[in-house]
Structure formats: structure tokens, C-alpha cells
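Structure file input_15.csv with CSV, C-alpha atoms:
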chain,number,residue,atom,x,y,z
A,1,MET,CA,-0.6,2.2,-16.7
A,2,TRP,CA,2.9,3.2,-17.9
A,3,TRP,CA,1.9,2.7,-21.5
A,4,LEU,CA,-0.5,5.7,-21.2
A,5,LEU,CA,2.5,7.9,-20.4
A,6,ALA,CA,4.4,6.3,-23.4
A,7,ALA,CA,1.4,7.0,-25.7
A,8,ALA,CA,1.1,10.6,-24.5
A,9,TRP,CA,4.8,11.2,-25.0
A,10,CYS,CA,4.6,10.0,-28.6
A,11,VAL,CA,1.6,12.3,-29.3
A,12,LEU,CA,3.2,15.4,-27.7
A,13,LEU,CA,6.8,14.8,-28.9
A,14,PRO,CA,6.7,16.8,-32.1
A,15,ALA,CA,5.3,19.9,-30.5
A,16,SER,CA,7.6,19.8,-27.4
A,17,ILE,CA,10.9,18.6,-28.6
A,18,HIS,CA,12.5,22.0,-28.5
A,19,SER,CA,11.4,22.9,-25.0
A,20,TYR,CA,12.2,19.4,-23.8
A,21,LYS,CA,15.8,19.7,-24.8
A,22,GLN,CA,16.1,23.0,-23.0
A,23,GLY,CA,14.1,22.3,-19.9
A,24,SER,CA,14.8,18.7,-18.8
A,25,ILE,CA,17.0,17.9,-15.9
A,26,THR,CA,17.4,14.3,-14.6
A,27,ASN,CA,18.4,13.8,-11.0
A,28,PRO,CA,21.5,11.6,-10.8
A,29,GLU,CA,19.9,9.3,-8.2
A,30,ALA,CA,17.5,8.1,-10.8
A,31,TYR,CA,20.3,6.0,-12.2
A,32,MET,CA,21.9,4.8,-8.9
A,33,ASN,CA,21.6,1.8,-6.7
A,34,ILE,CA,21.1,1.9,-2.9
A,35,SER,CA,24.8,2.2,-2.1
A,36,GLN,CA,25.4,4.9,-4.6
A,37,ILE,CA,22.4,7.0,-3.3
A,38,ILE,CA,23.6,6.8,0.3
A,39,SER,CA,27.1,7.8,-0.8
A,40,TYR,CA,25.8,10.6,-3.0
A,41,TRP,CA,24.3,12.3,0.0
A,42,GLY,CA,27.5,12.1,2.0
A,43,TYR,CA,26.8,9.1,4.3
A,44,PRO,CA,28.9,6.1,4.9
A,45,TYR,CA,27.4,2.7,4.1
A,46,GLU,CA,28.0,-1.0,4.6
A,47,LYS,CA,26.4,-3.8,2.6
A,48,TYR,CA,25.6,-7.2,4.0
A,49,ASP,CA,24.1,-10.4,2.5
A,50,VAL,CA,21.6,-12.0,4.9
A,51,VAL,CA,21.0,-15.7,4.2
A,52,THR,CA,17.6,-16.9,5.4
A,53,GLU,CA,16.9,-20.4,6.8
A,54,ASP,CA,15.4,-21.4,3.4
A,55,GLY,CA,18.4,-20.2,1.4
A,56,TYR,CA,17.3,-16.7,0.1
A,57,ILE,CA,20.0,-14.1,0.0
A,58,LEU,CA,18.8,-10.6,1.1
A,59,GLY,CA,20.7,-7.4,0.4
A,60,THR,CA,20.8,-5.4,3.6
A,61,TYR,CA,22.3,-1.9,3.9
A,62,ARG,CA,23.7,0.0,6.9
A,63,ILE,CA,24.3,3.7,7.5
A,64,PRO,CA,26.5,3.3,10.7
A,65,HIS,CA,27.0,7.0,11.4
A,66,GLY,CA,26.6,10.6,10.2
A,67,LYS,CA,28.3,12.5,7.4
A,68,GLY,CA,32.1,12.8,7.4
A,69,CYS,CA,34.5,10.8,9.5
A,70,SER,CA,32.9,11.4,12.8
A,71,ARG,CA,31.3,8.4,14.6
A,72,LYS,CA,28.7,10.8,16.0
A,73,THR,CA,25.5,10.3,14.2
A,74,ASP,CA,23.1,13.0,13.0
A,75,SER,CA,20.3,11.9,15.3
A,76,GLY,CA,22.1,9.2,17.3
A,77,TYR,CA,21.0,6.1,15.4
A,78,ASP,CA,22.6,3.3,13.5
A,79,VAL,CA,20.3,2.9,10.5
A,80,TRP,CA,19.7,-0.4,8.7
A,81,LEU,CA,17.7,-0.8,5.4
A,82,GLY,CA,16.3,-4.3,4.9
A,83,ASN,CA,14.9,-5.9,1.7
A,84,SER,CA,12.4,-8.8,1.2
A,85,ARG,CA,13.1,-11.7,-1.1
A,86,GLY,CA,12.5,-11.2,-4.8
A,87,ASN,CA,12.9,-7.5,-5.0
A,88,THR,CA,15.6,-5.8,-7.1
A,89,TRP,CA,18.1,-5.8,-4.2
A,90,SER,CA,17.4,-9.4,-3.0
A,91,ARG,CA,17.2,-11.7,-6.0
A,92,LYS,CA,19.7,-14.5,-5.1
A,93,HIS,CA,19.4,-17.9,-3.6
A,94,LEU,CA,21.9,-20.5,-2.4
A,95,ARG,CA,20.4,-23.2,-4.7
A,96,LEU,CA,17.5,-21.9,-6.7
A,97,SER,CA,17.6,-19.7,-9.8
A,98,PRO,CA,15.3,-16.7,-10.2
A,99,LYS,CA,14.5,-18.2,-13.6
A,100,SER,CA,12.7,-21.1,-11.9
A,101,PRO,CA,9.1,-21.0,-10.6
A,102,GLN,CA,10.4,-22.7,-7.4
A,103,TYR,CA,12.3,-19.5,-6.5
A,104,TRP,CA,9.1,-17.4,-6.7
A,105,ALA,CA,7.0,-19.8,-4.6
A,106,PHE,CA,6.7,-17.3,-1.7
A,107,SER,CA,4.5,-14.6,-0.3
A,108,LEU,CA,4.0,-12.7,2.9
A,109,ASP,CA,4.2,-15.9,5.0
A,110,GLU,CA,7.9,-16.5,4.1
A,111,MET,CA,8.9,-12.9,4.4
A,112,ALA,CA,7.6,-12.9,8.0
A,113,LYS,CA,8.8,-16.4,8.9
A,114,TYR,CA,12.3,-16.2,7.3
A,115,ASP,CA,13.3,-12.8,6.0
A,116,LEU,CA,12.5,-10.6,8.9
A,117,PRO,CA,14.0,-12.8,11.6
A,118,ALA,CA,17.2,-13.3,9.6
A,119,THR,CA,17.6,-9.6,9.0
A,120,ILE,CA,16.9,-8.6,12.6
A,121,ASN,CA,19.3,-11.2,14.0
A,122,LEU,CA,22.0,-10.0,11.6
A,123,ILE,CA,21.5,-6.4,12.7
A,124,LEU,CA,21.7,-7.3,16.4
A,125,GLU,CA,24.8,-9.5,15.8
A,126,LYS,CA,26.7,-6.8,13.9
A,127,SER,CA,25.6,-3.9,16.2
A,128,GLY,CA,26.0,-5.7,19.5
A,129,GLN,CA,22.6,-4.6,20.6
A,130,LYS,CA,19.9,-6.7,22.3
A,131,GLN,CA,16.9,-4.8,20.8
A,132,LEU,CA,16.2,-2.5,17.9
A,133,PHE,CA,13.5,-0.1,16.7
A,134,TYR,CA,11.5,-1.3,13.7
A,135,VAL,CA,10.1,1.2,11.2
A,136,GLY,CA,7.9,-0.4,8.5
A,137,HIS,CA,5.7,1.1,5.8
A,138,SER,CA,2.7,-0.7,4.1
A,139,GLN,CA,3.8,-4.3,3.4
A,140,GLY,CA,6.7,-3.8,5.8
A,141,THR,CA,4.1,-3.4,8.6
A,142,THR,CA,2.1,-6.5,7.4
A,143,ILE,CA,5.2,-8.7,7.6
A,144,ALA,CA,5.9,-7.3,11.1
A,145,PHE,CA,2.3,-7.9,12.3
A,146,ILE,CA,2.6,-11.5,11.2
A,147,ALA,CA,6.1,-12.0,12.6
A,148,PHE,CA,5.7,-10.3,15.9
A,149,SER,CA,2.4,-12.1,16.7
A,150,THR,CA,3.6,-15.6,15.8
A,151,ASN,CA,7.2,-15.4,16.9
A,152,PRO,CA,7.4,-14.2,20.6
A,153,GLU,CA,11.2,-14.6,20.8
A,154,LEU,CA,11.6,-12.3,17.8
A,155,ALA,CA,9.1,-9.8,19.3
A,156,LYS,CA,11.2,-9.5,22.4
A,157,LYS,CA,14.0,-8.1,20.2
A,158,ILE,CA,11.9,-5.1,19.2
A,159,LYS,CA,11.8,-2.0,21.5
A,160,VAL,CA,9.1,-0.2,19.5
A,161,PHE,CA,7.3,-1.0,16.2
A,162,PHE,CA,6.7,2.2,14.2
A,163,ALA,CA,3.9,1.4,11.6
A,164,LEU,CA,3.5,3.9,8.7
A,165,ALA,CA,0.4,3.3,6.6
A,166,PRO,CA,-0.3,0.1,8.5
A,167,VAL,CA,-1.8,-2.8,6.6
A,168,ALA,CA,-3.3,-5.8,8.3
A,169,THR,CA,-6.5,-6.4,6.4
A,170,VAL,CA,-7.4,-4.9,3.0
A,171,LYS,CA,-11.1,-5.6,2.9
A,172,TYR,CA,-11.9,-1.9,2.0
A,173,THR,CA,-8.8,-1.1,-0.1
A,174,ARG,CA,-9.5,1.1,-3.1
A,175,SER,CA,-6.2,0.5,-4.9
A,176,PRO,CA,-6.4,-0.2,-8.6
A,177,MET,CA,-4.6,-3.5,-7.8
A,178,LYS,CA,-7.9,-4.6,-6.3
A,179,LYS,CA,-9.0,-5.5,-9.9
A,180,LEU,CA,-6.8,-8.6,-9.6
A,181,THR,CA,-9.4,-10.0,-7.1
A,182,ALA,CA,-11.9,-10.3,-9.9
A,183,LEU,CA,-9.7,-12.8,-11.7
A,184,SER,CA,-9.3,-16.5,-10.9
A,185,ARG,CA,-5.9,-17.8,-9.8
A,186,GLN,CA,-5.6,-19.5,-13.2
A,187,ALA,CA,-6.3,-16.3,-15.1
A,188,VAL,CA,-3.7,-14.4,-13.0
A,189,LYS,CA,-1.1,-17.0,-13.9
A,190,VAL,CA,-2.1,-16.9,-17.6
A,191,LEU,CA,-1.6,-13.1,-17.6
A,192,PHE,CA,1.4,-12.8,-15.4
A,193,GLY,CA,3.0,-16.3,-15.3
A,194,ASP,CA,4.1,-18.0,-12.1
A,195,LYS,CA,7.3,-16.1,-11.4
A,196,MET,CA,8.0,-12.4,-10.9
A,197,PHE,CA,5.4,-9.7,-10.8
A,198,SER,CA,6.0,-6.1,-11.8
A,199,SER,CA,9.7,-5.9,-12.3
A,200,HIS,CA,11.2,-2.5,-13.3
A,201,THR,CA,11.6,-2.4,-17.1
A,202,LEU,CA,13.8,-0.4,-19.5
A,203,LEU,CA,10.7,1.4,-20.8
A,204,GLU,CA,9.7,2.5,-17.3
A,205,GLN,CA,13.3,3.7,-16.7
A,206,PHE,CA,13.1,5.7,-20.0
A,207,LEU,CA,9.8,7.3,-19.1
A,208,ALA,CA,11.0,8.1,-15.5
A,209,THR,CA,14.3,9.7,-16.6
A,210,LYS,CA,13.4,11.1,-20.1
A,211,VAL,CA,9.8,12.1,-19.7
A,212,CYS,CA,8.9,12.6,-16.1
A,213,ASN,CA,11.9,14.8,-15.5
A,214,HIS,CA,10.3,17.5,-17.6
A,215,LYS,CA,7.9,20.1,-16.1
A,216,MET,CA,5.5,19.6,-19.1
A,217,PHE,CA,4.8,16.0,-17.8
A,218,TYR,CA,4.9,16.6,-14.1
A,219,LEU,CA,1.1,16.5,-13.9
A,220,MET,CA,0.7,13.4,-16.0
A,221,CYS,CA,3.4,11.5,-14.2
A,222,SER,CA,2.3,12.5,-10.7
A,223,ASN,CA,-1.3,11.5,-11.5
A,224,PHE,CA,0.0,8.0,-12.4
A,225,MET,CA,1.5,7.8,-8.9
A,226,PHE,CA,-1.6,9.3,-7.2
A,227,SER,CA,-3.9,6.8,-9.0
A,228,LEU,CA,-2.1,4.0,-7.2
A,229,SER,CA,-1.7,5.7,-3.8
A,230,GLY,CA,-4.3,8.5,-3.3
A,231,PHE,CA,-4.0,12.2,-4.1
A,232,ASP,CA,-1.9,14.8,-2.3
A,233,ARG,CA,-0.4,16.9,-5.0
A,234,GLN,CA,0.7,19.8,-2.9
A,235,ASN,CA,2.9,17.5,-0.7
A,236,LEU,CA,5.0,16.0,-3.5
A,237,ASN,CA,8.3,17.5,-4.7
A,238,MET,CA,7.6,17.3,-8.5
A,239,SER,CA,11.3,18.0,-9.3
A,240,ARG,CA,12.2,14.6,-8.0
A,241,LEU,CA,9.5,12.6,-9.9
A,242,ASP,CA,12.2,10.9,-12.0
A,243,VAL,CA,13.9,9.5,-8.9
A,244,TYR,CA,10.7,8.3,-7.3
A,245,LEU,CA,9.5,6.5,-10.5
A,246,ALA,CA,12.9,5.2,-11.5
A,247,GLN,CA,13.4,3.6,-8.1
A,248,SER,CA,9.9,2.1,-7.8
A,249,GLN,CA,8.5,-1.2,-8.9
A,250,ALA,CA,11.2,-3.3,-7.2
A,251,GLY,CA,9.2,-6.5,-8.0
A,252,THR,CA,7.8,-9.4,-6.0
A,253,SER,CA,6.3,-12.8,-6.8
A,254,VAL,CA,3.0,-13.5,-8.6
A,255,GLN,CA,2.2,-15.7,-5.6
A,256,ASN,CA,2.6,-12.7,-3.3
A,257,MET,CA,0.0,-10.8,-5.4
A,258,LEU,CA,-2.3,-13.8,-5.2
A,259,HIS,CA,-1.9,-13.6,-1.5
A,260,TRP,CA,-3.0,-10.0,-1.4
A,261,ALA,CA,-5.9,-10.8,-3.7
A,262,GLN,CA,-6.9,-13.5,-1.3
A,263,ALA,CA,-6.7,-11.0,1.6
A,264,VAL,CA,-9.0,-8.6,-0.2
A,265,ASN,CA,-11.6,-11.3,-0.9
A,266,SER,CA,-11.5,-12.8,2.6
A,267,GLY,CA,-11.1,-9.6,4.6
A,268,ARG,CA,-8.7,-11.3,6.9
A,269,LEU,CA,-5.0,-11.5,7.6
A,270,GLN,CA,-4.5,-15.1,6.8
A,271,ALA,CA,-1.7,-17.4,5.5
A,272,PHE,CA,-1.6,-18.1,1.8
A,273,ASP,CA,-4.1,-20.7,0.6
A,274,TRP,CA,-2.1,-23.1,-1.6
A,275,GLY,CA,-5.3,-24.1,-3.4
A,276,ASN,CA,-6.0,-27.6,-2.1
A,277,ALA,CA,-6.3,-29.4,1.2
A,278,ASN,CA,-3.2,-31.6,0.7
A,279,GLN,CA,-0.9,-28.6,0.0
A,280,ASN,CA,-2.4,-26.7,3.0
A,281,MET,CA,-1.9,-29.7,5.2
A,282,MET,CA,1.8,-30.0,4.1
A,283,HIS,CA,2.5,-26.3,4.8
A,284,PHE,CA,0.3,-25.7,7.9
A,285,ASN,CA,-0.7,-29.1,9.3
A,286,GLN,CA,-4.3,-28.2,8.7
A,287,LEU,CA,-6.8,-28.2,5.8
A,288,THR,CA,-7.2,-24.4,5.7
A,289,PRO,CA,-4.6,-21.7,6.0
A,290,PRO,CA,-4.4,-20.3,9.6
A,291,VAL,CA,-5.6,-16.8,10.4
A,292,TYR,CA,-3.0,-14.5,12.0
A,293,ASN,CA,-4.0,-13.2,15.4
A,294,ILE,CA,-2.6,-9.7,15.8
A,295,THR,CA,-4.0,-9.5,19.4
A,296,LYS,CA,-1.1,-11.8,20.4
A,297,MET,CA,1.5,-9.2,19.5
A,298,ARG,CA,2.8,-7.4,22.7
A,299,VAL,CA,5.4,-5.1,21.1
A,300,PRO,CA,4.9,-1.4,21.9
A,301,THR,CA,3.4,0.0,18.7
A,302,ALA,CA,3.1,3.5,17.3
A,303,MET,CA,1.0,4.0,14.1
A,304,TRP,CA,0.3,6.8,11.6
A,305,SER,CA,-2.4,6.5,8.9
A,306,GLY,CA,-3.5,8.8,6.0
A,307,GLY,CA,-7.0,10.1,5.3
A,308,GLN,CA,-6.4,10.0,1.5
A,309,ASP,CA,-4.7,6.6,1.5
A,310,VAL,CA,-6.5,4.3,-1.1
A,311,VAL,CA,-4.3,1.3,-0.2
A,312,ALA,CA,-4.6,1.3,3.6
A,313,ASP,CA,-8.2,2.5,3.8
A,314,ALA,CA,-9.4,4.2,6.9
A,315,LYS,CA,-12.0,1.5,7.6
A,316,ASP,CA,-9.4,-1.2,7.7
A,317,THR,CA,-7.3,1.0,10.0
A,318,LYS,CA,-10.3,1.5,12.3
A,319,ASN,CA,-10.7,-2.3,12.5
A,320,LEU,CA,-7.0,-2.7,13.2
A,321,LEU,CA,-6.7,-0.3,16.1
A,322,PRO,CA,-8.5,-2.2,18.8
A,323,LYS,CA,-6.5,-5.4,17.9
A,324,VAL,CA,-3.1,-3.8,18.7
A,325,ALA,CA,-2.7,-4.7,22.4
A,326,ASN,CA,0.2,-2.3,23.2
A,327,LEU,CA,-0.7,0.7,21.1
A,328,ILE,CA,1.4,3.6,22.5
A,329,TYR,CA,0.6,6.3,19.9
A,330,TYR,CA,-1.7,6.8,17.0
A,331,LYS,CA,-2.1,9.7,14.6
A,332,GLU,CA,-4.3,10.1,11.5
A,333,ILE,CA,-3.0,12.7,9.0
A,334,PRO,CA,-6.1,13.8,7.0
A,335,HIS,CA,-4.3,14.8,3.8
A,336,TYR,CA,-1.9,11.9,3.6
A,337,ASN,CA,-1.9,9.3,0.8
A,338,HIS,CA,0.0,6.0,0.8
A,339,LEU,CA,3.3,7.5,-0.3
A,340,ASP,CA,3.4,10.6,1.8
A,341,PHE,CA,4.9,8.7,4.8
A,342,TYR,CA,8.2,8.7,3.0
A,343,LEU,CA,7.8,11.1,0.0
A,344,GLY,CA,5.7,13.8,1.7
A,345,GLN,CA,7.5,17.2,2.0
A,346,ASP,CA,6.0,17.7,5.5
A,347,ALA,CA,6.8,14.2,6.8
A,348,PRO,CA,9.6,15.5,9.1
A,349,TRP,CA,7.0,17.5,11.0
A,350,GLU,CA,4.0,15.3,10.7
A,351,ILE,CA,5.8,12.0,11.5
A,352,TYR,CA,9.6,11.9,12.0
A,353,GLN,CA,9.9,14.4,14.9
A,354,ASP,CA,7.5,12.4,17.0
A,355,LEU,CA,9.0,9.1,15.9
A,356,ILE,CA,12.5,10.2,17.0
A,357,ARG,CA,11.1,11.6,20.3
A,358,MET,CA,9.6,8.2,21.1
A,359,MET,CA,12.9,6.5,20.2
A,360,GLU,CA,14.7,8.8,22.6
A,361,GLU,CA,12.2,8.0,25.3
A,362,TYR,CA,12.4,4.2,24.9
A,363,SER,CA,16.1,4.3,24.6
A,364,GLN,CA,16.3,5.4,28.2
A,365,ASN,CA,14.1,2.6,29.4
Please go through the file and, once you have read it, give me the structure as C-alpha cells.
Amino acid sequence: MWWLLAAAWCVLLPASIHSYKQGSITNPEAYMNISQIISYWGYPYEKYDVVTEDGYILGTYRIPHGKGCSRKTDSGYDVWLGNSRGNTWSRKHLRLSPKSPQYWAFSLDEMAKYDLPATINLILEKSGQKQLFYVGHSQGTTIAFIAFSTNPELAKKIKVFFALAPVATVKYTRSPMKKLTALSRQAVKVLFGDKMFSSHTLLEQFLATKVCNHKMFYLMCSNFMFSLSGFDRQNLNMSRLDVYLAQSQAGTSVQNMLHWAQAVNSGRLQAFDWGNANQNMMHFNQLTPPVYNITKMRVPTAMWSGGQDVVADAKDTKNLLPKVANLIYYKEIPHYNHLDFYLGQDAPWEIYQDLIRMMEEYSQN
């Protein structure tokens, strides 16, 4: 859909070039990496490379304490930012090249089986803690649901699982990405190949920093975001659209997108179907991919969902709720779309104050 913005920019360029030069301001974070953004806002950072059991190298970032030299933190927490294999910040491997299809032969299964345990274990090792709080959004919750329900030892290392826009099943999703489900696996691979899906491009960077930084294009650029996530225009800081769009589309594998298409069609949270019985037998020791049983997860879980979320639809959330055995808190926010959980201007009041309160309560246990 970015090409629509490019076309509109070309059409409107002659009439708007003067006002564009006078009125455009690009936020510096639009050009920064994770470390630079953390430093820009005055926080210290540490970067670690997490090596998974199957050789993927994941960039993991730590904000150990608050601003300045004091070890006293702003809210009392040591913050770690994890990344899944294949995205912009985690695109290395001990043996495989990202240019090879073998590198991209992964999906949710591997992120849950290898990435999350490796990241959690590194955090506990470096921090000296026995447990941590896990905050996930969207696919970050999906990986956690899988990992915490299939790996009891890992689950014991989590004090509370905070799930923002939780996604287990996507039977009722209304995301435009649902159109992929109408295509065969062969057609998807013809269109997108068998490696990376949706990497950030130079054109997208140009549009984010040279078009969407201008008030004239706020409506058009925000509508692009809302078409993918659901509408909540009043809750988005339009002056930072360039940052949001420049830092999005971190990339994943085509196989991961096929896994999501499979989930839409099946209506279940199930391991990736490798396409034939022999492959499934090799990966799972059974002819069909196993279904993940969320009811086995015993981690205390708090969830927030959005009434305008087209990705994590309310019907899927309703089906998820009774399966979460240790649900300690749930809140639906009627006006929230899929991005409001981290971009919404009212997120500190709608979500974060309660999230921190629960952290404080469980820290004392």
C-alpha cells in the first residue's frame, strides 16, 4: 500500500513544493537504530547478542537504570527489549547466510521454542534474578502462549505475563493481510519468494521521512496505518508519524506469513504444517502438526484488548479468555486499535499505570 502514498506524492508535488519546504520537520529518531533512540532520550543502554540453540543471533537491548548516572530507576525496573529471528535487529546466524532459503525456514514455532527461552535465560543470567515480568504485544503474545504452555520450566521463570492485543487464534481477524489466505502456498512463494517478507525499503524510508513528516500528508499516512490496525485517529500523535512508519516493517520470513495464513484458515493455534506427512513426521513425530493447548499454561496473566482492533478481533479474544487458566486481570478498551497499546497517547492511563501496579504487587510476593 506504500505505492499509493508514492503516487499521491507525485500528483501533489507541483502544487505543494513551496509549503513542503517551509513546513516539513523530520524527527531525528526516524533515522536512528535502537541504541541511538534509547540514548537520544537520555537513557543508558547495553546491547547483547543472544545465540539460540539452533544458531540464530538475536539482538537484545537493555535499559539498566534511569536517566543520568544514578542507579535508581524511573519506576524501579531493569528493562530488556528482545527481538525475534529475521527482523532488522536479529538477522545473523552462526552458520547460515540470510541470503539462503535455509536461514528463513522458520515461523512462530522456532521463535517460541528457541528465541524466547534463549532471551529469557540471558536476561536472568545477566540480571541475577530468578524470575522476570514478560510484556508482549500481538505476535509477542502468541510466541509466549506457545512457549509457556509447552515449556513448563520456562513458564516457572515468569512472574506475570502481560499480554497487549493478545493473539492466539485469528479466525475472525479483519486485517488486510487476511487476503494471503486466499492464495495457495505455491502462489505466495511465486509472489514473495521463500526468504524474507516485508523488509523495510529505501522507498518506505523516503516516504516516512520526506512525505509523512508534513502536515499535508498526515491524514493519508495515518490512514495507511489505520487500514492495517483499525482506526483511532484521535489517539495518535501525528507529529511523530515519520518515526512510526520509518521504524516499522522490521521483516520476518515468508514461512512465518504462511503460518499465519494457516492459522486464519484453521481457526486454531497450531504448529506449522510443512506440507506433507513426511516433513511433519520429521519435525513433530506425527503426521499432522500439533495443536497448542493454552489451557496448560499456568503463568499469571493480565490481558488488554481493543474494541477497534482489526488484527486481534474481539471474537477471537472472547474465545481466548476462558482458556487462560490463571487470568488475573482483563480489560477491553473500546476505542483501541492494534497499535494503540504502544502508540496511543492515553496508553499510560489506560494500560501502563495498572501494569506497573501489578508489577509492584507481584514483586512483593
message = What's the separation between atom CA of A:Leu339 and atom CA of A:Tyr352, in Å to one decimal place?
response = 14.5 Å
remark   = In Å and to one decimal, atom CA of A:Asp340 is distant from atom CA of A:Lys215 by 20.8 Å
remark   = Using only C-alpha atoms, the shortest atom-to-atom distance to A:Gly55 among A:Ala118, A:Met303, A:Ala112, A:Val167 belongs to A:Ala118
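Take atom CA of A:Ser75 and atom CA of A:Ile123: the distance between them is 18.5 Å.
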query = Out of A:Ala302, A:Ile351, A:Leu219, A:Ala271, which residue has the shortest atom-to-atom distance to A:Pro289 when counting all atoms listed in the file?
reply = A:Ala271
Could you produce a table of the residues of stretch 24-118 of chain A lying within 6 Å of stretch 250-253 of chain A, with the nearest pair of atoms per residue and their separation in Å rounded to one decimal, using only C-alpha atoms, ordered by chain and increasing residue number, as CSV?
residue,atom,partner,partner_atom,distance
A:Gly86,CA,A:Thr252,CA,5.2
A:Asn87,CA,A:Gly251,CA,4.9
A:Thr88,CA,A:Ala250,CA,5.1
A:Trp104,CA,A:Ser253,CA,5.4
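Among A:Val50, A:Leu343, A:Leu108, A:Val170, the residue with the shortest atom-to-atom distance to A:Met238, counting only C-alpha atoms, is A:Leu343.
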